[in-house]
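Data from work08.pdb: PDB, C-alpha atoms, pLDDT in the B column
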ATOM      1  CA  MET Z   1      -2.714 -39.897 -45.454  1.00 76.00           C
ATOM      2  CA  ILE Z   2      -3.357 -36.266 -44.515  1.00 86.00           C
ATOM      3  CA  ALA Z   3      -5.391 -36.288 -41.291  1.00 88.00           C
ATOM      4  CA  MET Z   4      -5.400 -32.568 -40.496  1.00 93.00           C
ATOM      5  CA  LEU Z   5      -4.618 -29.420 -42.425  1.00 95.00           C
ATOM      6  CA  GLN Z   6      -3.818 -25.956 -41.113  1.00 95.00           C
ATOM      7  CA  GLY Z   7      -3.182 -22.825 -43.118  1.00 96.00           C
ATOM      8  CA  THR Z   8      -4.631 -19.722 -44.758  1.00 97.00           C
ATOM      9  CA  VAL Z   9      -7.783 -19.761 -46.872  1.00 97.00           C
ATOM     10  CA  ALA Z  10      -6.598 -18.627 -50.309  1.00 97.00           C
ATOM     11  CA  GLN Z  11      -9.791 -19.205 -52.306  1.00 96.00           C
ATOM     12  CA  ILE Z  12     -13.394 -20.310 -51.790  1.00 96.00           C
ATOM     13  CA  THR Z  13     -15.693 -21.813 -54.427  1.00 94.00           C
ATOM     14  CA  ASN Z  14     -19.106 -23.488 -54.296  1.00 91.00           C
ATOM     15  CA  GLU Z  15     -17.473 -26.904 -53.914  1.00 94.00           C
ATOM     16  CA  TYR Z  16     -14.080 -26.483 -52.317  1.00 96.00           C
ATOM     17  CA  GLY Z  17     -11.651 -24.189 -50.586  1.00 96.00           C
ATOM     18  CA  ILE Z  18      -7.944 -23.818 -51.266  1.00 97.00           C
ATOM     19  CA  VAL Z  19      -5.834 -23.793 -48.120  1.00 97.00           C
ATOM     20  CA  MET Z  20      -2.266 -22.498 -48.324  1.00 96.00           C
ATOM     21  CA  THR Z  21       0.044 -24.027 -45.729  1.00 94.00           C
ATOM     22  CA  ALA Z  22       3.036 -22.340 -44.118  1.00 92.00           C
ATOM     23  CA  GLY Z  23       5.241 -24.396 -46.427  1.00 89.00           C
ATOM     24  CA  GLY Z  24       3.765 -22.694 -49.459  1.00 91.00           C
ATOM     25  CA  VAL Z  25       1.644 -25.617 -50.682  1.00 94.00           C
ATOM     26  CA  GLY Z  26      -1.981 -24.986 -51.609  1.00 96.00           C
ATOM     27  CA  TYR Z  27      -4.439 -27.824 -51.041  1.00 96.00           C
ATOM     28  CA  ARG Z  28      -7.825 -28.071 -52.716  1.00 97.00           C
ATOM     29  CA  VAL Z  29     -10.239 -29.348 -50.054  1.00 97.00           C
ATOM     30  CA  TYR Z  30     -13.846 -30.332 -50.804  1.00 97.00           C
ATOM     31  CA  MET Z  31     -16.129 -29.442 -47.902  1.00 97.00           C
ATOM     32  CA  PRO Z  32     -19.806 -29.429 -46.837  1.00 94.00           C
ATOM     33  CA  LEU Z  33     -21.609 -26.273 -47.941  1.00 92.00           C
ATOM     34  CA  SER Z  34     -22.197 -25.205 -44.337  1.00 88.00           C
ATOM     35  CA  ASN Z  35     -18.436 -25.343 -43.700  1.00 92.00           C
ATOM     36  CA  LEU Z  36     -17.598 -23.454 -46.890  1.00 94.00           C
ATOM     37  CA  SER Z  37     -19.988 -20.672 -45.911  1.00 91.00           C
ATOM     38  CA  ASP Z  38     -18.063 -20.248 -42.648  1.00 92.00           C
ATOM     39  CA  LEU Z  39     -14.717 -19.748 -44.393  1.00 94.00           C
ATOM     40  CA  LYS Z  40     -13.229 -16.335 -45.097  1.00 95.00           C
ATOM     41  CA  GLU Z  41     -10.458 -15.685 -47.578  1.00 96.00           C
ATOM     42  CA  GLY Z  42      -7.268 -14.686 -45.791  1.00 96.00           C
ATOM     43  CA  ALA Z  43      -8.358 -16.270 -42.506  1.00 96.00           C
ATOM     44  CA  GLN Z  44      -6.531 -19.064 -40.713  1.00 96.00           C
ATOM     45  CA  VAL Z  45      -8.290 -22.423 -40.682  1.00 96.00           C
ATOM     46  CA  GLN Z  46      -7.761 -25.889 -39.235  1.00 96.00           C
ATOM     47  CA  LEU Z  47      -9.508 -28.820 -40.893  1.00 96.00           C
ATOM     48  CA  TRP Z  48      -9.996 -32.498 -40.142  1.00 95.00           C
ATOM     49  CA  THR Z  49      -9.351 -34.155 -43.483  1.00 96.00           C
ATOM     50  CA  TYR Z  50     -10.092 -37.428 -45.222  1.00 96.00           C
ATOM     51  CA  THR Z  51      -7.855 -38.492 -48.100  1.00 95.00           C
ATOM     52  CA  ALA Z  52      -9.613 -40.439 -50.857  1.00 93.00           C
ATOM     53  CA  VAL Z  53      -7.164 -42.277 -53.092  1.00 91.00           C
ATOM     54  CA  ARG Z  54      -8.104 -43.634 -56.525  1.00 87.00           C
ATOM     55  CA  GLU Z  55      -6.009 -44.726 -59.470  1.00 84.00           C
ATOM     56  CA  ASP Z  56      -6.606 -41.446 -61.270  1.00 86.00           C
ATOM     57  CA  ALA Z  57      -6.897 -38.968 -58.399  1.00 87.00           C
ATOM     58  CA  ILE Z  58      -6.146 -38.114 -54.778  1.00 91.00           C
ATOM     59  CA  THR Z  59      -8.913 -35.981 -53.285  1.00 95.00           C
ATOM     60  CA  LEU Z  60      -9.051 -34.212 -49.929  1.00 96.00           C
ATOM     61  CA  TYR Z  61     -12.312 -33.761 -48.014  1.00 97.00           C
ATOM     62  CA  GLY Z  62     -12.249 -31.360 -45.089  1.00 97.00           C
ATOM     63  CA  PHE Z  63     -14.418 -30.503 -42.094  1.00 96.00           C
ATOM     64  CA  LEU Z  64     -14.375 -27.683 -39.585  1.00 94.00           C
ATOM     65  CA  ASP Z  65     -15.689 -29.889 -36.768  1.00 90.00           C
ATOM     66  CA  ASN Z  66     -14.737 -33.382 -35.694  1.00 89.00           C
ATOM     67  CA  GLU Z  67     -18.385 -34.530 -35.505  1.00 87.00           C
ATOM     68  CA  SER Z  68     -18.922 -34.044 -39.242  1.00 91.00           C
ATOM     69  CA  TYR Z  69     -15.625 -35.754 -40.000  1.00 93.00           C
ATOM     70  CA  LYS Z  70     -16.534 -38.799 -37.901  1.00 91.00           C
ATOM     71  CA  LEU Z  71     -19.985 -39.055 -39.465  1.00 93.00           C
ATOM     72  CA  PHE Z  72     -18.383 -38.796 -42.913  1.00 95.00           C
ATOM     73  CA  GLU Z  73     -16.249 -41.829 -42.084  1.00 94.00           C
ATOM     74  CA  VAL Z  74     -19.274 -43.742 -40.797  1.00 93.00           C
ATOM     75  CA  LEU Z  75     -21.208 -42.981 -43.986  1.00 95.00           C
ATOM     76  CA  LEU Z  76     -18.393 -44.432 -46.077  1.00 95.00           C
ATOM     77  CA  THR Z  77     -18.932 -47.815 -44.411  1.00 93.00           C
ATOM     78  CA  VAL Z  78     -22.352 -48.057 -46.102  1.00 94.00           C
ATOM     79  CA  LYS Z  79     -22.305 -50.046 -49.331  1.00 92.00           C
ATOM     80  CA  GLY Z  80     -22.731 -47.779 -52.328  1.00 92.00           C
ATOM     81  CA  VAL Z  81     -21.883 -44.565 -50.445  1.00 94.00           C
ATOM     82  CA  GLY Z  82     -18.695 -42.905 -51.640  1.00 94.00           C
ATOM     83  CA  PRO Z  83     -17.067 -39.629 -50.605  1.00 95.00           C
ATOM     84  CA  LYS Z  84     -19.165 -37.478 -52.971  1.00 94.00           C
ATOM     85  CA  ILE Z  85     -22.476 -38.861 -51.711  1.00 95.00           C
ATOM     86  CA  ALA Z  86     -21.323 -38.640 -48.087  1.00 96.00           C
ATOM     87  CA  LEU Z  87     -20.294 -35.029 -48.627  1.00 96.00           C
ATOM     88  CA  GLY Z  88     -23.648 -34.279 -50.255  1.00 94.00           C
ATOM     89  CA  ILE Z  89     -25.436 -35.668 -47.208  1.00 94.00           C
ATOM     90  CA  LEU Z  90     -23.395 -33.504 -44.848  1.00 94.00           C
ATOM     91  CA  SER Z  91     -24.112 -30.486 -47.053  1.00 92.00           C
ATOM     92  CA  SER Z  92     -27.839 -31.140 -46.738  1.00 90.00           C
ATOM     93  CA  THR Z  93     -28.288 -31.835 -43.043  1.00 88.00           C
ATOM     94  CA  GLN Z  94     -26.647 -31.526 -39.629  1.00 85.00           C
ATOM     95  CA  PRO Z  95     -24.978 -34.628 -38.112  1.00 86.00           C
ATOM     96  CA  GLU Z  96     -27.450 -34.814 -35.227  1.00 84.00           C
ATOM     97  CA  ASN Z  97     -30.430 -34.687 -37.607  1.00 84.00           C
ATOM     98  CA  PHE Z  98     -29.051 -37.509 -39.723  1.00 90.00           C
ATOM     99  CA  ILE Z  99     -28.304 -39.682 -36.697  1.00 87.00           C
ATOM    100  CA  LEU Z 100     -31.798 -39.119 -35.321  1.00 84.00           C
ATOM    101  CA  ALA Z 101     -33.337 -40.007 -38.686  1.00 86.00           C
ATOM    102  CA  VAL Z 102     -31.511 -43.326 -38.629  1.00 88.00           C
ATOM    103  CA  GLN Z 103     -32.509 -43.940 -35.029  1.00 83.00           C
ATOM    104  CA  ASN Z 104     -36.126 -43.181 -35.888  1.00 82.00           C
ATOM    105  CA  GLN Z 105     -35.953 -45.358 -39.020  1.00 87.00           C
ATOM    106  CA  ASP Z 106     -37.124 -42.289 -40.960  1.00 87.00           C
ATOM    107  CA  LEU Z 107     -37.027 -43.542 -44.545  1.00 90.00           C
ATOM    108  CA  HIS Z 108     -38.695 -40.406 -45.921  1.00 89.00           C
ATOM    109  CA  PHE Z 109     -36.018 -38.119 -44.450  1.00 89.00           C
ATOM    110  CA  LEU Z 110     -33.196 -40.182 -45.927  1.00 92.00           C
ATOM    111  CA  THR Z 111     -34.725 -40.341 -49.408  1.00 91.00           C
ATOM    112  CA  GLN Z 112     -34.750 -36.525 -49.489  1.00 90.00           C
ATOM    113  CA  LEU Z 113     -30.947 -36.467 -49.243  1.00 91.00           C
ATOM    114  CA  PRO Z 114     -28.957 -36.048 -52.484  1.00 90.00           C
ATOM    115  CA  GLY Z 115     -27.899 -39.296 -54.127  1.00 90.00           C
ATOM    116  CA  ILE Z 116     -30.047 -41.458 -51.843  1.00 93.00           C
ATOM    117  CA  GLY Z 117     -32.972 -43.343 -53.385  1.00 92.00           C
ATOM    118  CA  LYS Z 118     -35.372 -45.671 -51.604  1.00 94.00           C
ATOM    119  CA  LYS Z 119     -33.128 -48.721 -51.884  1.00 94.00           C
ATOM    120  CA  GLY Z 120     -30.117 -46.720 -50.753  1.00 94.00           C
ATOM    121  CA  ALA Z 121     -32.034 -45.361 -47.767  1.00 94.00           C
ATOM    122  CA  GLU Z 122     -33.220 -48.845 -46.797  1.00 94.00           C
ATOM    123  CA  ARG Z 123     -29.638 -50.136 -47.011  1.00 94.00           C
ATOM    124  CA  MET Z 124     -28.458 -47.210 -44.927  1.00 93.00           C
ATOM    125  CA  LEU Z 125     -31.010 -47.921 -42.197  1.00 92.00           C
ATOM    126  CA  LEU Z 126     -30.061 -51.584 -42.188  1.00 91.00           C
ATOM    127  CA  GLU Z 127     -26.305 -51.035 -42.020  1.00 91.00           C
ATOM    128  CA  LEU Z 128     -26.302 -48.116 -39.577  1.00 91.00           C
ATOM    129  CA  LYS Z 129     -29.012 -49.153 -37.124  1.00 80.00           C
ATOM    130  CA  ASP Z 130     -26.550 -51.127 -35.000  1.00 79.00           C
ATOM    131  CA  LYS Z 131     -24.099 -48.222 -34.993  1.00 80.00           C
ATOM    132  CA  PHE Z 132     -26.561 -45.531 -33.990  1.00 75.00           C
ATOM    133  CA  GLY Z 133     -29.162 -47.647 -32.212  1.00 61.00           C
ATOM    134  CA  THR Z 134     -32.912 -47.202 -32.458  1.00 54.00           C
ATOM    135  CA  ILE Z 135     -35.041 -44.870 -30.389  1.00 48.00           C
ATOM    136  CA  VAL Z 136     -37.545 -46.751 -28.255  1.00 43.00           C
ATOM    137  CA  LYS Z 137     -40.860 -44.916 -28.449  1.00 40.00           C
ATOM    138  CA  GLY Z 138     -42.419 -44.187 -25.097  1.00 36.00           C
ATOM    139  CA  SER Z 139     -39.255 -45.009 -23.176  1.00 36.00           C
ATOM    140  CA  SER Z 140     -38.965 -43.265 -19.839  1.00 32.00           C
ATOM    141  CA  PRO Z 141     -36.109 -40.941 -18.922  1.00 32.00           C
ATOM    142  CA  VAL Z 142     -33.131 -42.400 -17.101  1.00 33.00           C
ATOM    143  CA  ALA Z 143     -32.878 -41.357 -13.478  1.00 31.00           C
ATOM    144  CA  SER Z 144     -29.856 -39.301 -12.480  1.00 33.00           C
ATOM    145  CA  SER Z 145     -28.250 -38.122  -9.279  1.00 30.00           C
ATOM    146  CA  ALA Z 146     -24.539 -37.355  -9.089  1.00 34.00           C
ATOM    147  CA  SER Z 147     -23.963 -39.435 -12.222  1.00 44.00           C
ATOM    148  CA  LEU Z 148     -26.148 -40.903 -14.925  1.00 50.00           C
ATOM    149  CA  ASN Z 149     -27.346 -44.499 -14.863  1.00 48.00           C
ATOM    150  CA  LEU Z 150     -26.936 -46.221 -18.218  1.00 46.00           C
ATOM    151  CA  ASN Z 151     -28.269 -49.612 -17.226  1.00 43.00           C
ATOM    152  CA  THR Z 152     -31.826 -48.701 -18.195  1.00 45.00           C
ATOM    153  CA  GLN Z 153     -32.979 -48.102 -21.759  1.00 55.00           C
ATOM    154  CA  GLY Z 154     -33.939 -44.481 -22.236  1.00 80.00           C
ATOM    155  CA  PRO Z 155     -33.030 -41.182 -23.898  1.00 85.00           C
ATOM    156  CA  VAL Z 156     -29.659 -40.829 -22.142  1.00 85.00           C
ATOM    157  CA  SER Z 157     -28.438 -44.322 -22.994  1.00 83.00           C
ATOM    158  CA  GLU Z 158     -29.611 -43.884 -26.598  1.00 85.00           C
ATOM    159  CA  ALA Z 159     -27.662 -40.631 -26.883  1.00 85.00           C
ATOM    160  CA  VAL Z 160     -24.581 -42.300 -25.401  1.00 84.00           C
ATOM    161  CA  ASP Z 161     -24.801 -45.131 -27.943  1.00 83.00           C
ATOM    162  CA  ALA Z 162     -25.083 -42.627 -30.798  1.00 86.00           C
ATOM    163  CA  LEU Z 163     -22.064 -40.632 -29.589  1.00 86.00           C
ATOM    164  CA  ALA Z 164     -20.044 -43.814 -29.066  1.00 82.00           C
ATOM    165  CA  SER Z 165     -20.809 -44.847 -32.650  1.00 84.00           C
ATOM    166  CA  LEU Z 166     -19.178 -41.588 -33.779  1.00 85.00           C
ATOM    167  CA  GLY Z 167     -15.969 -42.579 -32.007  1.00 81.00           C
ATOM    168  CA  TYR Z 168     -16.299 -40.803 -28.668  1.00 82.00           C
ATOM    169  CA  ALA Z 169     -15.146 -42.750 -25.630  1.00 74.00           C
ATOM    170  CA  ARG Z 170     -17.678 -43.234 -22.851  1.00 67.00           C
ATOM    171  CA  GLY Z 171     -15.177 -41.679 -20.489  1.00 65.00           C
ATOM    172  CA  GLU Z 172     -15.451 -38.375 -22.365  1.00 76.00           C
ATOM    173  CA  ILE Z 173     -19.163 -38.673 -23.137  1.00 84.00           C
ATOM    174  CA  MET Z 174     -20.363 -38.868 -19.536  1.00 76.00           C
ATOM    175  CA  PRO Z 175     -18.754 -35.594 -18.317  1.00 77.00           C
ATOM    176  CA  VAL Z 176     -20.367 -33.793 -21.254  1.00 84.00           C
ATOM    177  CA  LEU Z 177     -23.802 -35.293 -20.572  1.00 85.00           C
ATOM    178  CA  ASN Z 178     -23.492 -34.509 -16.875  1.00 81.00           C
ATOM    179  CA  SER Z 179     -22.851 -30.867 -17.797  1.00 83.00           C
ATOM    180  CA  ILE Z 180     -26.187 -30.613 -19.641  1.00 88.00           C
ATOM    181  CA  GLU Z 181     -28.843 -29.086 -17.396  1.00 85.00           C
ATOM    182  CA  ASN Z 182     -31.754 -31.432 -16.590  1.00 85.00           C
ATOM    183  CA  VAL Z 183     -30.360 -33.966 -19.036  1.00 85.00           C
ATOM    184  CA  GLU Z 184     -32.458 -36.785 -17.570  1.00 82.00           C
ATOM    185  CA  LYS Z 185     -35.622 -34.867 -18.485  1.00 84.00           C
ATOM    186  CA  LEU Z 186     -34.677 -34.287 -22.124  1.00 88.00           C
ATOM    187  CA  SER Z 187     -35.449 -36.372 -25.182  1.00 89.00           C
ATOM    188  CA  SER Z 188     -32.625 -38.310 -26.832  1.00 86.00           C
ATOM    189  CA  GLU Z 189     -32.812 -35.883 -29.772  1.00 87.00           C
ATOM    190  CA  GLU Z 190     -32.171 -32.847 -27.578  1.00 89.00           C
ATOM    191  CA  ILE Z 191     -29.436 -34.608 -25.574  1.00 89.00           C
ATOM    192  CA  LEU Z 192     -27.580 -35.562 -28.743  1.00 90.00           C
ATOM    193  CA  LYS Z 193     -27.916 -32.075 -30.212  1.00 89.00           C
ATOM    194  CA  GLN Z 194     -26.584 -30.369 -27.087  1.00 89.00           C
ATOM    195  CA  ALA Z 195     -23.785 -32.900 -26.626  1.00 89.00           C
ATOM    196  CA  LEU Z 196     -22.513 -32.421 -30.185  1.00 90.00           C
ATOM    197  CA  LYS Z 197     -22.496 -28.665 -29.680  1.00 86.00           C
ATOM    198  CA  LEU Z 198     -20.456 -29.050 -26.487  1.00 86.00           C
ATOM    199  CA  PHE Z 199     -17.957 -31.375 -28.177  1.00 83.00           C
ATOM    200  CA  ALA Z 200     -17.613 -28.917 -31.060  1.00 81.00           C
ATOM    201  CA  ARG Z 201     -16.529 -26.178 -28.631  1.00 72.00           C
ATOM    202  CA  ARG Z 202     -13.614 -28.216 -27.335  1.00 64.00           C
TER     203      ARG Z 202
END
I need this file expressed as structure tokens, please.
Amino acid sequence: MIAMLQGTVAQITNEYGIVMTAGGVGYRVYMPLSNLSDLKEGAQVQLWTYTAVREDAITLYGFLDNESYKLFEVLLTVKGVGPKIALGILSSTQPENFILAVQNQDLHFLTQLPGIGKKGAERMLLELKDKFGTIVKGSSPVASSASLNLNTQGPVSEAVDALASLGYARGEIMPVLNSIENVEKLSSEEILKQALKLFARR
């Protein structure tokens, strides 16, 4: 399985990019629209990739950031969601917005995504709620001094649970959250958004 790909962008289309490696092999990589728009022909690129193997085809899906790649893998655990639907979701929304929609049990948001009907959205909420957690309305912020306290339900602990579900270790999550200014005063939505941006810069 190809886990990462590095090379020169040889061609860009509305669905995929072709990446030419140093060994002279060109790979067709299907990517979210937001990632494709960031590519430039002739530029160097490094992609996290997922290899989908079927009897009649081997298809590569690529992502410029690790957060999108991890969410793509999580989406594939949902019954009825294959690589094309997962890619369509990531082309339509940012990872943090999708995670927050699941946490908020926002059925309307999910049904607006390509390839997701009402039954599919309901299944998605059911299967992902334990992975992303659910936002508790009216919960109070978690107190913080030198480090954050995760023993109390609140925005910080909810953001930590969501990041952990994407594969981040708590040991790497906490330094990032501690670097966010006034994190204990922010909503879980804002914490998650800022944390994902900080991880993407690494």
Translate the PyMOL selection byres ((chain Z and resi 18-21) around 9), as applied to the file shown, into an explicit residue set as an mmCIF file with C-alpha atoms, in the frame of the given file.
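Written out: selection-v1.cif:
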data_model
loop_
_atom_site.group_PDB
_atom_site.id
_atom_site.type_symbol
_atom_site.label_atom_id
_atom_site.label_comp_id
_atom_site.auth_asym_id
_atom_site.auth_seq_id
_atom_site.Cartn_x
_atom_site.Cartn_y
_atom_site.Cartn_z
ATOM 1 C CA LEU Z 5 -4.618 -29.420 -42.425
ATOM 2 C CA GLN Z 6 -3.818 -25.956 -41.113
ATOM 3 C CA GLY Z 7 -3.182 -22.825 -43.118
ATOM 4 C CA THR Z 8 -4.631 -19.722 -44.758
ATOM 5 C CA VAL Z 9 -7.783 -19.761 -46.872
ATOM 6 C CA ALA Z 10 -6.598 -18.627 -50.309
ATOM 7 C CA GLN Z 11 -9.791 -19.205 -52.306
ATOM 8 C CA ILE Z 12 -13.394 -20.310 -51.790
ATOM 9 C CA THR Z 13 -15.693 -21.813 -54.427
ATOM 10 C CA TYR Z 16 -14.080 -26.483 -52.317
ATOM 11 C CA GLY Z 17 -11.651 -24.189 -50.586
ATOM 12 C CA ALA Z 22 3.036 -22.340 -44.118
ATOM 13 C CA GLY Z 23 5.241 -24.396 -46.427
ATOM 14 C CA GLY Z 24 3.765 -22.694 -49.459
ATOM 15 C CA VAL Z 25 1.644 -25.617 -50.682
ATOM 16 C CA GLY Z 26 -1.981 -24.986 -51.609
ATOM 17 C CA TYR Z 27 -4.439 -27.824 -51.041
ATOM 18 C CA ARG Z 28 -7.825 -28.071 -52.716
ATOM 19 C CA VAL Z 29 -10.239 -29.348 -50.054
ATOM 20 C CA TYR Z 30 -13.846 -30.332 -50.804
ATOM 21 C CA GLN Z 44 -6.531 -19.064 -40.713
ATOM 22 C CA VAL Z 45 -8.290 -22.423 -40.682
#
Atom-to-atom span, CA of Asp161 in chain Z and CA of Leu76 in chain Z, Å: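 Computed distance, CA of Asp161 in chain Z to CA of Leu76 in chain Z, equals 19.2 Å.
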Selection near range 101-105 of chain Z, 10 Å with all atoms listed in the file, sequence-local residues under 3 positions removed, as a list in words: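 Once the nearby chain positions are removed, what remains is Pro95, Glu96, Asn97, Phe98, His108, Phe109, Leu110, Ala121, Glu122, Met124, Leu125, Leu126, Glu127, Leu128, Lys129, Asp130, Lys131, Phe132, Gly133, Thr134, Ile135, Val136, Lys137, Glu158, Ala162, Ser188 and Glu189 of chain Z.
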Write the residues of the selection above to a file with C-alpha atoms, as a PDB file, keeping the file's coordinate frame.
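And here's again31.pdb as it stands now:
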ATOM      1  CA  PRO Z  95     -24.978 -34.628 -38.112  1.00 86.00           C
ATOM      2  CA  GLU Z  96     -27.450 -34.814 -35.227  1.00 84.00           C
ATOM      3  CA  ASN Z  97     -30.430 -34.687 -37.607  1.00 84.00           C
ATOM      4  CA  PHE Z  98     -29.051 -37.509 -39.723  1.00 90.00           C
ATOM      5  CA  HIS Z 108     -38.695 -40.406 -45.921  1.00 89.00           C
ATOM      6  CA  PHE Z 109     -36.018 -38.119 -44.450  1.00 89.00           C
ATOM      7  CA  LEU Z 110     -33.196 -40.182 -45.927  1.00 92.00           C
ATOM      8  CA  ALA Z 121     -32.034 -45.361 -47.767  1.00 94.00           C
ATOM      9  CA  GLU Z 122     -33.220 -48.845 -46.797  1.00 94.00           C
ATOM     10  CA  MET Z 124     -28.458 -47.210 -44.927  1.00 93.00           C
ATOM     11  CA  LEU Z 125     -31.010 -47.921 -42.197  1.00 92.00           C
ATOM     12  CA  LEU Z 126     -30.061 -51.584 -42.188  1.00 91.00           C
ATOM     13  CA  GLU Z 127     -26.305 -51.035 -42.020  1.00 91.00           C
ATOM     14  CA  LEU Z 128     -26.302 -48.116 -39.577  1.00 91.00           C
ATOM     15  CA  LYS Z 129     -29.012 -49.153 -37.124  1.00 80.00           C
ATOM     16  CA  ASP Z 130     -26.550 -51.127 -35.000  1.00 79.00           C
ATOM     17  CA  LYS Z 131     -24.099 -48.222 -34.993  1.00 80.00           C
ATOM     18  CA  PHE Z 132     -26.561 -45.531 -33.990  1.00 75.00           C
ATOM     19  CA  GLY Z 133     -29.162 -47.647 -32.212  1.00 61.00           C
ATOM     20  CA  THR Z 134     -32.912 -47.202 -32.458  1.00 54.00           C
ATOM     21  CA  ILE Z 135     -35.041 -44.870 -30.389  1.00 48.00           C
ATOM     22  CA  VAL Z 136     -37.545 -46.751 -28.255  1.00 43.00           C
ATOM     23  CA  LYS Z 137     -40.860 -44.916 -28.449  1.00 40.00           C
ATOM     24  CA  GLU Z 158     -29.611 -43.884 -26.598  1.00 85.00           C
ATOM     25  CA  ALA Z 162     -25.083 -42.627 -30.798  1.00 86.00           C
ATOM     26  CA  SER Z 188     -32.625 -38.310 -26.832  1.00 86.00           C
ATOM     27  CA  GLU Z 189     -32.812 -35.883 -29.772  1.00 87.00           C
TER      28      GLU Z 189
END
Hits of the PyMOL selection byres ((chain Z and resi 159) around 12) in this structure, as an NGL selection string: :Z and (96 or 99-100 or 103 or 131-136 or 141-142 or 150 or 153-158 or 160-166 or 168 or 170 or 173-174 or 176-177 or 183-184 or 186-196)
Distance of CA of Val74 in chain Z from CA of Asp38 in chain Z, expressed in Å to one decimal place: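 That distance, rounded to one decimal, is 23.6 Å.
For the pair CA of Ile2 in chain Z and CA of Ala57 in chain Z, the separation is 14.6 Å.
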Expansion of the PyMOL selection byres ((chain Z and resi 112-114) around 8) into residues, as an NGL selection string: :Z and (85 or 88-89 or 92 or 108-111 or 115-116)
Starting from the incomplete input, reconstruct N, CA and C atoms of range 152-167 of chain Z and report them as a PDB file, keeping the file's coordinate frame.
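Result file is out_25.pdb:
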ATOM      1  N   THR Z 152     -30.433 -48.657 -17.769  1.00 45.00           N
ATOM      2  CA  THR Z 152     -31.826 -48.701 -18.195  1.00 45.00           C
ATOM      3  C   THR Z 152     -31.958 -48.067 -19.572  1.00 45.00           C
ATOM      4  N   GLN Z 153     -32.755 -48.684 -20.441  1.00 55.00           N
ATOM      5  CA  GLN Z 153     -32.979 -48.102 -21.759  1.00 55.00           C
ATOM      6  C   GLN Z 153     -33.713 -46.779 -21.609  1.00 55.00           C
ATOM      7  N   GLY Z 154     -33.295 -45.775 -22.306  1.00 80.00           N
ATOM      8  CA  GLY Z 154     -33.939 -44.481 -22.236  1.00 80.00           C
ATOM      9  C   GLY Z 154     -33.188 -43.468 -23.069  1.00 80.00           C
ATOM     10  N   PRO Z 155     -33.641 -42.215 -23.075  1.00 85.00           N
ATOM     11  CA  PRO Z 155     -33.030 -41.182 -23.898  1.00 85.00           C
ATOM     12  C   PRO Z 155     -31.528 -41.005 -23.671  1.00 85.00           C
ATOM     13  N   VAL Z 156     -31.078 -41.041 -22.411  1.00 85.00           N
ATOM     14  CA  VAL Z 156     -29.659 -40.829 -22.142  1.00 85.00           C
ATOM     15  C   VAL Z 156     -28.814 -41.950 -22.728  1.00 85.00           C
ATOM     16  N   SER Z 157     -29.218 -43.187 -22.483  1.00 83.00           N
ATOM     17  CA  SER Z 157     -28.438 -44.322 -22.994  1.00 83.00           C
ATOM     18  C   SER Z 157     -28.441 -44.348 -24.522  1.00 83.00           C
ATOM     19  N   GLU Z 158     -29.542 -43.929 -25.136  1.00 85.00           N
ATOM     20  CA  GLU Z 158     -29.611 -43.884 -26.598  1.00 85.00           C
ATOM     21  C   GLU Z 158     -28.651 -42.829 -27.145  1.00 85.00           C
ATOM     22  N   ALA Z 159     -28.578 -41.685 -26.456  1.00 85.00           N
ATOM     23  CA  ALA Z 159     -27.662 -40.631 -26.883  1.00 85.00           C
ATOM     24  C   ALA Z 159     -26.213 -41.077 -26.715  1.00 85.00           C
ATOM     25  N   VAL Z 160     -25.931 -41.784 -25.630  1.00 84.00           N
ATOM     26  CA  VAL Z 160     -24.581 -42.300 -25.401  1.00 84.00           C
ATOM     27  C   VAL Z 160     -24.181 -43.270 -26.507  1.00 84.00           C
ATOM     28  N   ASP Z 161     -25.089 -44.164 -26.883  1.00 83.00           N
ATOM     29  CA  ASP Z 161     -24.801 -45.131 -27.943  1.00 83.00           C
ATOM     30  C   ASP Z 161     -24.504 -44.421 -29.265  1.00 83.00           C
ATOM     31  N   ALA Z 162     -25.281 -43.368 -29.551  1.00 86.00           N
ATOM     32  CA  ALA Z 162     -25.083 -42.627 -30.798  1.00 86.00           C
ATOM     33  C   ALA Z 162     -23.732 -41.922 -30.799  1.00 86.00           C
ATOM     34  N   LEU Z 163     -23.352 -41.320 -29.682  1.00 86.00           N
ATOM     35  CA  LEU Z 163     -22.064 -40.632 -29.589  1.00 86.00           C
ATOM     36  C   LEU Z 163     -20.909 -41.628 -29.658  1.00 86.00           C
ATOM     37  N   ALA Z 164     -21.087 -42.782 -29.024  1.00 82.00           N
ATOM     38  CA  ALA Z 164     -20.044 -43.814 -29.066  1.00 82.00           C
ATOM     39  C   ALA Z 164     -19.832 -44.309 -30.486  1.00 82.00           C
ATOM     40  N   SER Z 165     -20.919 -44.379 -31.265  1.00 84.00           N
ATOM     41  CA  SER Z 165     -20.809 -44.847 -32.650  1.00 84.00           C
ATOM     42  C   SER Z 165     -20.024 -43.857 -33.507  1.00 84.00           C
ATOM     43  N   LEU Z 166     -19.953 -42.600 -33.062  1.00 85.00           N
ATOM     44  CA  LEU Z 166     -19.178 -41.588 -33.779  1.00 85.00           C
ATOM     45  C   LEU Z 166     -17.718 -41.573 -33.348  1.00 85.00           C
ATOM     46  N   GLY Z 167     -17.365 -42.457 -32.404  1.00 81.00           N
ATOM     47  CA  GLY Z 167     -15.969 -42.579 -32.007  1.00 81.00           C
ATOM     48  C   GLY Z 167     -15.615 -41.959 -30.672  1.00 81.00           C
TER      49      GLY Z 167
END
